[in-house]
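**Student:** query.pdb is reproduced in full below (PDB, C-alpha atoms).
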ATOM      1  CA  MET A   1      92.867  28.525  24.950
ATOM      2  CA  PRO A   2      90.182  25.905  25.040
ATOM      3  CA  SER A   3      91.386  22.409  25.142
ATOM      4  CA  SER A   4      91.244  20.241  22.053
ATOM      5  CA  TYR A   5      88.818  17.905  23.828
ATOM      6  CA  ASN A   6      86.253  20.666  24.311
ATOM      7  CA  VAL A   7      86.588  21.780  20.693
ATOM      8  CA  ARG A   8      86.015  18.247  19.447
ATOM      9  CA  SER A   9      82.952  17.757  21.734
ATOM     10  CA  ARG A  10      81.364  21.016  20.507
ATOM     11  CA  ALA A  11      81.929  19.999  16.882
ATOM     12  CA  ARG A  12      80.436  16.570  17.594
ATOM     13  CA  GLU A  13      77.320  18.137  19.154
ATOM     14  CA  ARG A  14      77.025  20.568  16.257
ATOM     15  CA  ASN A  15      77.142  17.754  13.721
ATOM     16  CA  SER A  16      74.830  15.456  15.734
ATOM     17  CA  VAL A  17      71.519  14.413  14.175
ATOM     18  CA  LEU A  18      69.615  15.098  17.387
ATOM     19  CA  SER A  19      70.578  18.745  17.258
ATOM     20  CA  ARG A  20      68.455  19.305  14.173
ATOM     21  CA  PRO A  21      65.106  21.148  14.676
ATOM     22  CA  GLU A  22      62.957  18.198  13.692
ATOM     23  CA  PHE A  23      64.567  16.041  16.395
ATOM     24  CA  MET A  24      64.652  18.630  19.143
ATOM     25  CA  SER A  25      61.635  17.019  20.850
ATOM     26  CA  LEU A  26      63.697  13.905  21.472
ATOM     27  CA  ASN A  27      66.066  15.904  23.674
ATOM     28  CA  GLN A  28      63.228  17.111  25.924
ATOM     29  CA  PRO A  29      62.630  15.208  29.204
ATOM     30  CA  LEU A  30      59.395  13.252  29.636
ATOM     31  CA  ARG A  31      56.549  15.124  31.323
ATOM     32  CA  GLY A  32      54.594  13.393  34.024
ATOM     33  CA  GLY A  33      57.328  10.807  34.654
ATOM     34  CA  ALA A  34      58.278  10.007  38.230
ATOM     35  CA  GLY A  35      61.065  12.402  38.960
ATOM     36  CA  GLY A  36      61.395  13.182  35.280
ATOM     37  CA  ALA A  37      63.371  11.296  32.721
ATOM     38  CA  GLY A  38      66.606  12.438  31.319
ATOM     39  CA  PRO A  39      67.521  13.019  27.712
ATOM     40  CA  SER A  40      69.239   9.678  27.521
ATOM     41  CA  GLU A  41      66.061   7.853  28.590
ATOM     42  CA  SER A  42      63.953   9.805  26.144
ATOM     43  CA  ARG A  43      66.383   9.017  23.390
ATOM     44  CA  GLY A  44      66.420   5.364  24.449
ATOM     45  CA  ASN A  45      62.656   5.118  24.491
ATOM     46  CA  ALA A  46      62.293   7.045  21.243
ATOM     47  CA  LYS A  47      61.336   5.065  18.219
ATOM     48  CA  ARG A  48      62.276   5.463  14.664
ATOM     49  CA  PRO A  49      59.953   7.461  12.420
ATOM     50  CA  GLY A  50      59.317   4.396  10.289
ATOM     51  CA  GLN A  51      58.264   2.363  13.308
ATOM     52  CA  ILE A  52      56.000   5.140  14.566
ATOM     53  CA  LYS A  53      54.352   5.438  11.171
ATOM     54  CA  HIS A  54      53.896   1.680  10.920
ATOM     55  CA  GLN A  55      52.356   1.375  14.385
ATOM     56  CA  THR A  56      50.049   4.329  13.949
ATOM     57  CA  SER A  57      48.834   3.012  10.623
ATOM     58  CA  GLN A  58      47.810  -0.363  12.106
ATOM     59  CA  PRO A  59      45.273   0.839  14.692
ATOM     60  CA  SER A  60      43.916   3.363  12.204
ATOM     61  CA  GLU A  61      42.724   0.538   9.975
ATOM     62  CA  GLU A  62      39.881  -0.416  12.303
ATOM     63  CA  PRO A  63      38.426   3.107  12.622
ATOM     64  CA  THR A  64      38.675   3.392   8.859
ATOM     65  CA  ASP A  65      36.677   0.199   8.411
ATOM     66  CA  SER A  66      34.162   1.186  11.071
ATOM     67  CA  GLY A  67      33.913   4.629   9.541
ATOM     68  CA  SER A  68      33.206   3.154   6.135
ATOM     69  CA  LYS A  69      30.561   0.913   7.699
ATOM     70  CA  ASP A  70      28.985   3.926   9.355
ATOM     71  CA  ARG A  71      29.007   5.701   6.045
ATOM     72  CA  ARG A  72      27.405   2.726   4.344
ATOM     73  CA  GLU A  73      24.719   2.104   6.962
ATOM     74  CA  PRO A  74      23.060   5.542   6.694
ATOM     75  CA  GLY A  75      22.948   4.988   2.944
ATOM     76  CA  LYS A  76      20.736   1.936   3.424
ATOM     77  CA  MET A  77      17.328   3.571   3.789
ATOM     78  CA  PRO A  78      13.983   1.783   3.914
ATOM     79  CA  GLU A  79      12.336   1.274   0.571
ATOM     80  CA  GLU A  80       9.392   3.480   1.463
ATOM     81  CA  ASP A  81      11.788   6.361   2.288
ATOM     82  CA  CYS A  82      13.863   6.000  -0.866
ATOM     83  CA  MET A  83      13.166   8.297  -3.775
ATOM     84  CA  GLN A  84      13.777   6.925  -7.219
ATOM     85  CA  LEU A  85      15.912   9.511  -8.971
ATOM     86  CA  ASN A  86      15.245   8.165 -12.456
ATOM     87  CA  PRO A  87      11.703   6.717 -12.443
ATOM     88  CA  SER A  88      10.243   5.170 -15.536
ATOM     89  CA  PHE A  89       7.580   6.816 -17.634
ATOM     90  CA  LYS A  90       5.092   4.184 -16.522
ATOM     91  CA  GLY A  91       5.753   4.940 -12.854
ATOM     92  CA  ILE A  92       5.390   8.683 -13.403
ATOM     93  CA  ALA A  93       2.123   8.173 -15.290
ATOM     94  CA  MET A  94       0.689   5.869 -12.616
ATOM     95  CA  ASN A  95       1.612   8.207  -9.774
ATOM     96  CA  SER A  96       0.152  11.171 -11.641
ATOM     97  CA  LEU A  97      -3.112   9.338 -12.323
ATOM     98  CA  LEU A  98      -3.402   8.249  -8.690
ATOM     99  CA  ALA A  99      -2.799  11.805  -7.525
ATOM    100  CA  ILE A 100      -5.479  13.120  -9.896
ATOM    101  CA  ASP A 101      -7.848  10.360  -8.765
ATOM    102  CA  ILE A 102      -7.400  11.225  -5.073
ATOM    103  CA  CYS A 103      -7.763  14.950  -5.722
ATOM    104  CA  LEU A 104     -10.945  14.590  -7.784
ATOM    105  CA  SER A 105     -12.449  12.062  -5.361
ATOM    106  CA  LYS A 106     -11.929  14.413  -2.429
ATOM    107  CA  ARG A 107     -13.472  17.284  -4.370
ATOM    108  CA  MET A 108     -16.482  15.146  -5.285
ATOM    109  CA  GLY A 109     -17.067  14.010  -1.691
ATOM    110  CA  VAL A 110     -19.527  16.864  -1.155
ATOM    111  CA  CYS A 111     -21.851  14.684   0.969
ATOM    112  CA  ALA A 112     -19.164  13.041   3.069
ATOM    113  CA  TYR A 113     -20.303  14.801   6.247
ATOM    114  CA  THR A 114     -23.297  16.830   7.313
ATOM    115  CA  SER A 115     -21.009  19.856   7.455
ATOM    116  CA  SER A 116     -19.939  19.378   3.818
ATOM    117  CA  SER A 117     -21.074  21.692   1.026
ATOM    118  CA  TRP A 118     -23.960  19.359   0.096
ATOM    119  CA  GLY A 119     -24.443  17.979   3.586
ATOM    120  CA  GLY A 120     -28.187  18.637   3.462
ATOM    121  CA  CYS A 121     -28.548  16.085   0.642
ATOM    122  CA  ARG A 122     -26.583  13.410   2.456
ATOM    123  CA  SER A 123     -29.661  11.442   3.572
ATOM    124  CA  MET A 124     -31.068  11.351   0.027
ATOM    125  CA  VAL A 125     -27.753  10.238  -1.446
ATOM    126  CA  ALA A 126     -27.397   7.582   1.270
ATOM    127  CA  LEU A 127     -30.889   6.300   0.442
ATOM    128  CA  LEU A 128     -29.932   6.066  -3.233
ATOM    129  CA  ALA A 129     -26.799   4.131  -2.312
ATOM    130  CA  LEU A 130     -28.897   1.780  -0.169
ATOM    131  CA  THR A 131     -30.801   0.660  -3.281
ATOM    132  CA  GLY A 132     -27.583  -0.911  -4.530
ATOM    133  CA  HIS A 133     -26.586  -2.596  -1.303
ATOM    134  CA  GLY A 134     -25.926  -6.331  -1.381
ATOM    135  CA  ILE A 135     -28.064  -7.130   1.665
ATOM    136  CA  THR A 136     -30.999  -5.238   0.133
ATOM    137  CA  TRP A 137     -30.824  -7.142  -3.141
ATOM    138  CA  ILE A 138     -30.265 -10.560  -1.583
ATOM    139  CA  ILE A 139     -33.238 -10.192   0.776
ATOM    140  CA  GLY A 140     -35.410  -8.779  -2.009
ATOM    141  CA  THR A 141     -34.522 -11.642  -4.352
ATOM    142  CA  ILE A 142     -35.324 -14.268  -1.708
ATOM    143  CA  VAL A 143     -38.696 -12.638  -1.026
ATOM    144  CA  CYS A 144     -39.545 -12.561  -4.720
ATOM    145  CA  LEU A 145     -38.436 -16.189  -5.070
ATOM    146  CA  THR A 146     -40.791 -17.325  -2.334
ATOM    147  CA  ARG A 147     -43.691 -15.542  -4.055
ATOM    148  CA  SER A 148     -42.902 -16.690  -7.599
ATOM    149  CA  ASN A 149     -45.126 -19.459  -9.053
ATOM    150  CA  THR A 150     -43.657 -19.847 -12.545
ATOM    151  CA  LEU A 151     -40.714 -22.000 -13.471
ATOM    152  CA  ALA A 152     -39.215 -19.300 -15.696
ATOM    153  CA  GLY A 153     -39.411 -16.693 -12.949
ATOM    154  CA  GLN A 154     -37.874 -19.027 -10.408
ATOM    155  CA  GLU A 155     -35.093 -19.878 -12.845
ATOM    156  CA  VAL A 156     -34.230 -16.195 -13.322
ATOM    157  CA  LEU A 157     -34.425 -15.431  -9.597
ATOM    158  CA  VAL A 158     -32.253 -18.384  -8.553
ATOM    159  CA  ASN A 159     -29.553 -17.387 -11.035
ATOM    160  CA  LEU A 160     -29.832 -13.770  -9.899
ATOM    161  CA  LEU A 161     -29.428 -14.849  -6.277
ATOM    162  CA  LEU A 162     -26.316 -16.856  -7.118
ATOM    163  CA  ALA A 163     -24.942 -13.905  -9.091
ATOM    164  CA  LEU A 164     -25.465 -11.608  -6.102
ATOM    165  CA  ILE A 165     -23.715 -14.018  -3.753
ATOM    166  CA  LEU A 166     -20.850 -14.335  -6.246
ATOM    167  CA  ASP A 167     -20.593 -10.554  -6.468
ATOM    168  CA  VAL A 168     -20.519 -10.058  -2.692
ATOM    169  CA  MET A 169     -17.891 -12.756  -2.126
ATOM    170  CA  THR A 170     -15.639 -11.691  -5.015
ATOM    171  CA  VAL A 171     -15.682  -8.001  -4.108
ATOM    172  CA  ALA A 172     -15.013  -8.788  -0.451
ATOM    173  CA  GLY A 173     -12.052 -10.978  -1.424
ATOM    174  CA  VAL A 174     -10.523  -8.346  -3.698
ATOM    175  CA  GLN A 175     -10.998  -5.662  -1.060
ATOM    176  CA  ARG A 176      -9.230  -7.830   1.510
ATOM    177  CA  LEU A 177      -6.295  -8.273  -0.872
ATOM    178  CA  VAL A 178      -5.928  -4.641  -1.958
ATOM    179  CA  LYS A 179      -6.966  -2.957   1.336
ATOM    180  CA  ARG A 180      -7.264   0.496  -0.198
ATOM    181  CA  LYS A 181      -8.675   3.152   2.100
ATOM    182  CA  GLY A 182     -11.359   5.566   1.017
ATOM    183  CA  PRO A 183     -10.596   9.221   0.318
ATOM    184  CA  TRP A 184     -12.048  10.357   3.646
ATOM    185  CA  GLU A 185     -11.033   7.466   5.952
ATOM    186  CA  MET A 186     -14.573   6.695   7.164
ATOM    187  CA  THR A 187     -15.605   3.900   9.473
ATOM    188  CA  PRO A 188     -17.850   1.399   7.637
ATOM    189  CA  GLY A 189     -21.469   1.224   8.767
ATOM    190  CA  PHE A 190     -23.328  -1.795  10.077
ATOM    191  CA  LEU A 191     -24.727  -2.916   6.709
ATOM    192  CA  ASP A 192     -21.351  -2.440   5.045
ATOM    193  CA  SER A 193     -19.727  -4.593   7.699
ATOM    194  CA  VAL A 194     -22.367  -7.307   7.254
ATOM    195  CA  ALA A 195     -21.841  -7.277   3.483
ATOM    196  CA  MET A 196     -18.029  -7.239   4.040
ATOM    197  CA  ASP A 197     -17.820  -3.938   2.163
ATOM    198  CA  ILE A 198     -15.057  -2.491   4.340
ATOM    199  CA  TYR A 199     -12.390  -1.165   1.978
ATOM    200  CA  SER A 200     -12.557   1.131  -1.010
ATOM    201  CA  PHE A 201     -11.313  -0.863  -4.022
ATOM    202  CA  PRO A 202     -13.342  -2.015  -5.874
ATOM    203  CA  ALA A 203     -16.670  -0.268  -5.276
ATOM    204  CA  ALA A 204     -19.126  -2.993  -4.283
ATOM    205  CA  HIS A 205     -22.232  -0.901  -4.997
ATOM    206  CA  ALA A 206     -21.017  -0.042  -8.490
ATOM    207  CA  SER A 207     -20.214  -3.682  -9.231
ATOM    208  CA  ARG A 208     -23.611  -4.833  -8.006
ATOM    209  CA  ALA A 209     -25.529  -2.118  -9.827
ATOM    210  CA  ALA A 210     -23.775  -2.876 -13.121
ATOM    211  CA  MET A 211     -24.344  -6.620 -12.771
ATOM    212  CA  VAL A 212     -28.015  -6.312 -11.751
ATOM    213  CA  SER A 213     -28.876  -3.780 -14.454
ATOM    214  CA  LYS A 214     -27.243  -5.890 -17.155
ATOM    215  CA  PHE A 215     -28.927  -9.010 -15.792
ATOM    216  CA  LEU A 216     -32.389  -7.438 -15.785
ATOM    217  CA  LEU A 217     -31.900  -5.908 -19.239
ATOM    218  CA  SER A 218     -30.971  -9.316 -20.635
ATOM    219  CA  HIS A 219     -33.709 -11.430 -19.030
ATOM    220  CA  LEU A 220     -36.663  -9.093 -18.667
ATOM    221  CA  VAL A 221     -38.741  -7.515 -21.387
ATOM    222  CA  LEU A 222     -38.748  -3.827 -20.547
ATOM    223  CA  ALA A 223     -39.829  -0.725 -22.392
ATOM    224  CA  VAL A 224     -37.207   1.725 -23.625
ATOM    225  CA  PRO A 225     -37.862   4.328 -20.867
ATOM    226  CA  LEU A 226     -37.451   1.645 -18.215
ATOM    227  CA  ARG A 227     -34.207   0.507 -19.814
ATOM    228  CA  ILE A 228     -32.872   4.054 -19.740
ATOM    229  CA  LEU A 229     -33.938   4.468 -16.123
ATOM    230  CA  LEU A 230     -32.268   1.186 -15.196
ATOM    231  CA  VAL A 231     -28.946   2.261 -16.727
ATOM    232  CA  LEU A 232     -29.256   5.688 -15.102
ATOM    233  CA  TRP A 233     -29.970   4.047 -11.745
ATOM    234  CA  ALA A 234     -26.812   1.935 -11.995
ATOM    235  CA  PHE A 235     -24.697   5.005 -12.739
ATOM    236  CA  LEU A 236     -26.248   7.043  -9.924
ATOM    237  CA  VAL A 237     -25.708   4.242  -7.412
ATOM    238  CA  GLY A 238     -22.033   4.130  -8.322
ATOM    239  CA  ILE A 239     -21.565   7.896  -8.182
ATOM    240  CA  SER A 240     -23.486   8.177  -4.898
ATOM    241  CA  ARG A 241     -20.754   6.315  -3.061
ATOM    242  CA  VAL A 242     -18.194   8.786  -4.406
ATOM    243  CA  LEU A 243     -20.353  11.691  -3.230
ATOM    244  CA  LEU A 244     -20.537  10.111   0.214
ATOM    245  CA  GLY A 245     -16.739   9.916   0.333
ATOM    246  CA  LYS A 246     -16.680   6.120   0.478
ATOM    247  CA  HIS A 247     -14.865   5.406  -2.798
ATOM    248  CA  HIS A 248     -12.512   6.924  -5.335
ATOM    249  CA  LEU A 249     -13.451   7.432  -8.955
ATOM    250  CA  THR A 250     -11.189   4.580 -10.033
ATOM    251  CA  ASP A 251     -12.902   2.325  -7.481
ATOM    252  CA  MET A 252     -16.248   3.085  -9.115
ATOM    253  CA  VAL A 253     -14.943   2.463 -12.645
ATOM    254  CA  CYS A 254     -13.330  -0.830 -11.647
ATOM    255  CA  GLY A 255     -16.526  -1.782  -9.831
ATOM    256  CA  PHE A 256     -18.548  -1.313 -13.019
ATOM    257  CA  ALA A 257     -16.050  -3.444 -14.940
ATOM    258  CA  LEU A 258     -16.123  -6.160 -12.278
ATOM    259  CA  GLY A 259     -19.929  -6.212 -12.353
ATOM    260  CA  MET A 260     -19.934  -6.796 -16.102
ATOM    261  CA  LEU A 261     -17.429  -9.594 -15.575
ATOM    262  CA  HIS A 262     -19.726 -11.200 -13.008
ATOM    263  CA  PHE A 263     -22.624 -11.043 -15.447
ATOM    264  CA  SER A 264     -20.579 -12.704 -18.200
ATOM    265  CA  LEU A 265     -19.444 -15.418 -15.810
ATOM    266  CA  MET A 266     -22.981 -16.085 -14.632
ATOM    267  CA  GLU A 267     -24.221 -16.310 -18.194
ATOM    268  CA  SER A 268     -21.580 -18.919 -18.981
ATOM    269  CA  VAL A 269     -22.633 -21.128 -16.041
ATOM    270  CA  TRP A 270     -26.365 -20.469 -16.279
ATOM    271  CA  LEU A 271     -28.368 -23.011 -14.276
ATOM    272  CA  SER A 272     -31.225 -24.742 -16.020
ATOM    273  CA  SER A 273     -34.786 -24.825 -14.746
ATOM    274  CA  SER A 274     -34.480 -28.385 -13.417
ATOM    275  CA  THR A 275     -31.321 -27.516 -11.505
ATOM    276  CA  CYS A 276     -33.008 -24.462 -10.042
ATOM    277  CA  GLN A 277     -35.971 -26.560  -8.923
ATOM    278  CA  THR A 278     -33.596 -28.985  -7.216
ATOM    279  CA  ILE A 279     -31.924 -26.106  -5.375
ATOM    280  CA  ILE A 280     -35.320 -24.742  -4.314
ATOM    281  CA  SER A 281     -36.386 -28.167  -3.074
ATOM    282  CA  ILE A 282     -33.188 -28.581  -1.048
ATOM    283  CA  SER A 283     -33.522 -25.119   0.452
ATOM    284  CA  THR A 284     -37.151 -25.759   1.461
ATOM    285  CA  LEU A 285     -36.350 -29.282   2.812
ATOM    286  CA  SER A 286     -38.864 -30.844   0.414
ATOM    287  CA  TRP A 287     -36.377 -32.518  -1.920
ATOM    288  CA  SER A 288     -36.428 -36.311  -2.307
ATOM    289  CA  PRO A 289     -33.755 -38.108  -4.343
ATOM    290  CA  PHE A 290     -36.095 -41.036  -5.102
ATOM    291  CA  PHE A 291     -38.778 -39.093  -6.943
TER     292      PHE A 291
END
Could you write out this structure as structure tokens?
**Tutor:**
Amino acid sequence: MPSSYNVRSRARERNSVLSRPEFMSLNQPLRGGAGGAGPSESRGNAKRPGQIKHQTSQPSEEPTDSGSKDRREPGKMPEEDCMQLNPSFKGIAMNSLLAIDICLSKRMGVCAYTSSSWGGCRSMVALLALTGHGITWIIGTIVCLTRSNTLAGQEVLVNLLLALILDVMTVAGVQRLVKRKGPWEMTPGFLDSVAMDIYSFPAAHASRAAMVSKFLLSHLVLAVPLRILLVLWAFLVGISRVLLGKHHLTDMVCGFALGMLHFSLMESVWLSSSTCQTIISISTLSWSPFF
């Protein structure tokens, strides 16, 4: 017969909380301890489930915050890499027009290189474009001014010279601000660099051709065929730069508009004959303020 003490100890162990399956790990000795730890030490070092949960939740707060930061940081993309999921109608229209402009300009650049489809006509198209160059017109106007003997002719030529200088400076300033590249990414030539015609927008040749043609039509008496040829020349000068791959179509259109604006501005500040004679005298070092 087992003693009553043994029966009571077995019943106590059977009813003990540590004998349940979920607490069986507390009865196991520690692994890796020096000499091993007994069940009593493991039970002594064991912590309550509430304490374990509380302590494990505290260090997990920092990884959660860092994880949320990591999730936020990849979401912050540069503006140029972001795609607007709901763009406005205006933005869609502008992007579509720019895409059409680039596509048509590249297709029209048939004289961009000697290996292009119209590469054999490149020299002729370049010569046509040269007739609308700023350096060409400024030098030609100065030569004509030195050979002119009439006050009316000198008045027209001085105002034309000032209009050309205004056109060159304004176009160069706008190009520096916009800095739009041409459709074929070409290096500007020597004359273009001298005239500060480096970028694509607006087209300097188109602006100059429109301004000069309007100026000559307003101040010179020309026959109808010459008027038609003058307008045709201005258009061909503008389109020649597109054929050479230097400008986009929108650059040419804006250049024509800017040239008309220059003409209107020059007409509003037209210099009189006496003022022009003073400018000529100062430029030739023959001006005297006492006479």
**Student:** Which residues of segment 118-220 of chain A have any atom within 12 Å of an atom in segment 230-254 of chain A when counting only C-alpha atoms, and what is the closest pair of atoms for each, with the distance in Å to one decimal? Order the rows by chain and rising number and write it as CSV.
**Tutor:**
residue,atom,partner,partner_atom,distance
A:Trp118,CA,A:Leu243,CA,9.1
A:Gly119,CA,A:Leu244,CA,9.4
A:Gly120,CA,A:Leu244,CA,11.9
A:Cys121,CA,A:Leu244,CA,10.0
A:Arg122,CA,A:Leu244,CA,7.2
A:Ser123,CA,A:Leu244,CA,9.8
A:Met124,CA,A:Ser240,CA,9.6
A:Val125,CA,A:Ser240,CA,5.9
A:Ala126,CA,A:Ser240,CA,7.3
A:Leu127,CA,A:Ser240,CA,9.3
A:Leu128,CA,A:Val237,CA,6.2
A:Ala129,CA,A:Val237,CA,5.2
A:Leu130,CA,A:Val237,CA,8.3
A:Thr131,CA,A:Val237,CA,7.5
A:Gly132,CA,A:Val237,CA,6.2
A:His133,CA,A:Val237,CA,9.2
A:Val171,CA,A:Cys254,CA,10.7
A:Val174,CA,A:Cys254,CA,11.3
A:Gln175,CA,A:Asp251,CA,10.4
A:Val178,CA,A:Asp251,CA,11.3
A:Lys179,CA,A:Asp251,CA,11.9
A:Arg180,CA,A:Asp251,CA,9.4
A:Lys181,CA,A:His247,CA,8.2
A:Gly182,CA,A:His247,CA,5.2
A:Pro183,CA,A:Gly245,CA,6.2
A:Trp184,CA,A:Gly245,CA,5.8
A:Glu185,CA,A:Lys246,CA,8.0
A:Met186,CA,A:Lys246,CA,7.0
A:Thr187,CA,A:Lys246,CA,9.3
A:Pro188,CA,A:Lys246,CA,8.7
A:Gly189,CA,A:Lys246,CA,10.8
A:Asp192,CA,A:Lys246,CA,10.8
A:Asp197,CA,A:Lys246,CA,10.3
A:Ile198,CA,A:Lys246,CA,9.6
A:Tyr199,CA,A:His247,CA,8.5
A:Ser200,CA,A:His247,CA,5.2
A:Phe201,CA,A:Asp251,CA,5.0
A:Pro202,CA,A:Asp251,CA,4.6
A:Ala203,CA,A:Asp251,CA,5.1
A:Ala204,CA,A:Met252,CA,8.3
A:His205,CA,A:Gly238,CA,6.0
A:Ala206,CA,A:Gly238,CA,4.3
A:Ser207,CA,A:Cys254,CA,7.8
A:Arg208,CA,A:Ala234,CA,8.5
A:Ala209,CA,A:Ala234,CA,4.8
A:Ala210,CA,A:Ala234,CA,5.8
A:Met211,CA,A:Ala234,CA,8.9
A:Val212,CA,A:Ala234,CA,8.3
A:Ser213,CA,A:Leu230,CA,6.1
A:Lys214,CA,A:Val231,CA,8.3
A:Phe215,CA,A:Leu230,CA,10.7
A:Leu216,CA,A:Leu230,CA,8.6
A:Leu217,CA,A:Leu230,CA,8.2
A:Ser218,CA,A:Leu230,CA,11.9
A:Leu220,CA,A:Leu230,CA,11.7
**Student:** Would you translate the PyMOL selection byres ((chain A and resi 270) around 10) into the concrete set of residues it matches in this file, as a PyMOL selection string?
**Tutor:** chain A and resi 155-156+158-160+162-163+264-269+271-273+275-276
**Student:** For a quick check of understanding, using only C-alpha atoms, which of A:Ile280, A:Val221, A:Ser148, A:Met260 has the smallest distance to Asp167 of chain A?
**Tutor:**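 For Asp167 of chain A, the nearest of the candidates is A:Met260.
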**Student:** Pick out the closest residue to Arg176 of chain A from this set: A:Ala152, A:Ile100, A:Met196, A:Ala257. Count all atoms listed in the file.
**Tutor:**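 The answer is A:Met196, which sits nearest to Arg176 of chain A.
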**Student:** In Å, how far is it from atom CA of Thr284 of chain A to atom CA of Ala195 of chain A?
**Tutor:**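 Interatomic distance, atom CA of Thr284 of chain A to atom CA of Ala195 of chain A: 24.1 Å.
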**Student:** Between atom CA of Ile138 of chain A and atom CA of Leu161 of chain A, what is the distance in Å, rounded to a tenth?
**Tutor:**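 Separating atom CA of Ile138 of chain A from atom CA of Leu161 of chain A is a distance of 6.4 Å.
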**Student:** Take atom CA of Ala99 of chain A and atom CA of Thr114 of chain A and report the distance between them in Å, one decimal.
**Tutor:**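 About the pair atom CA of Ala99 of chain A and atom CA of Thr114 of chain A: they are 25.8 Å apart.
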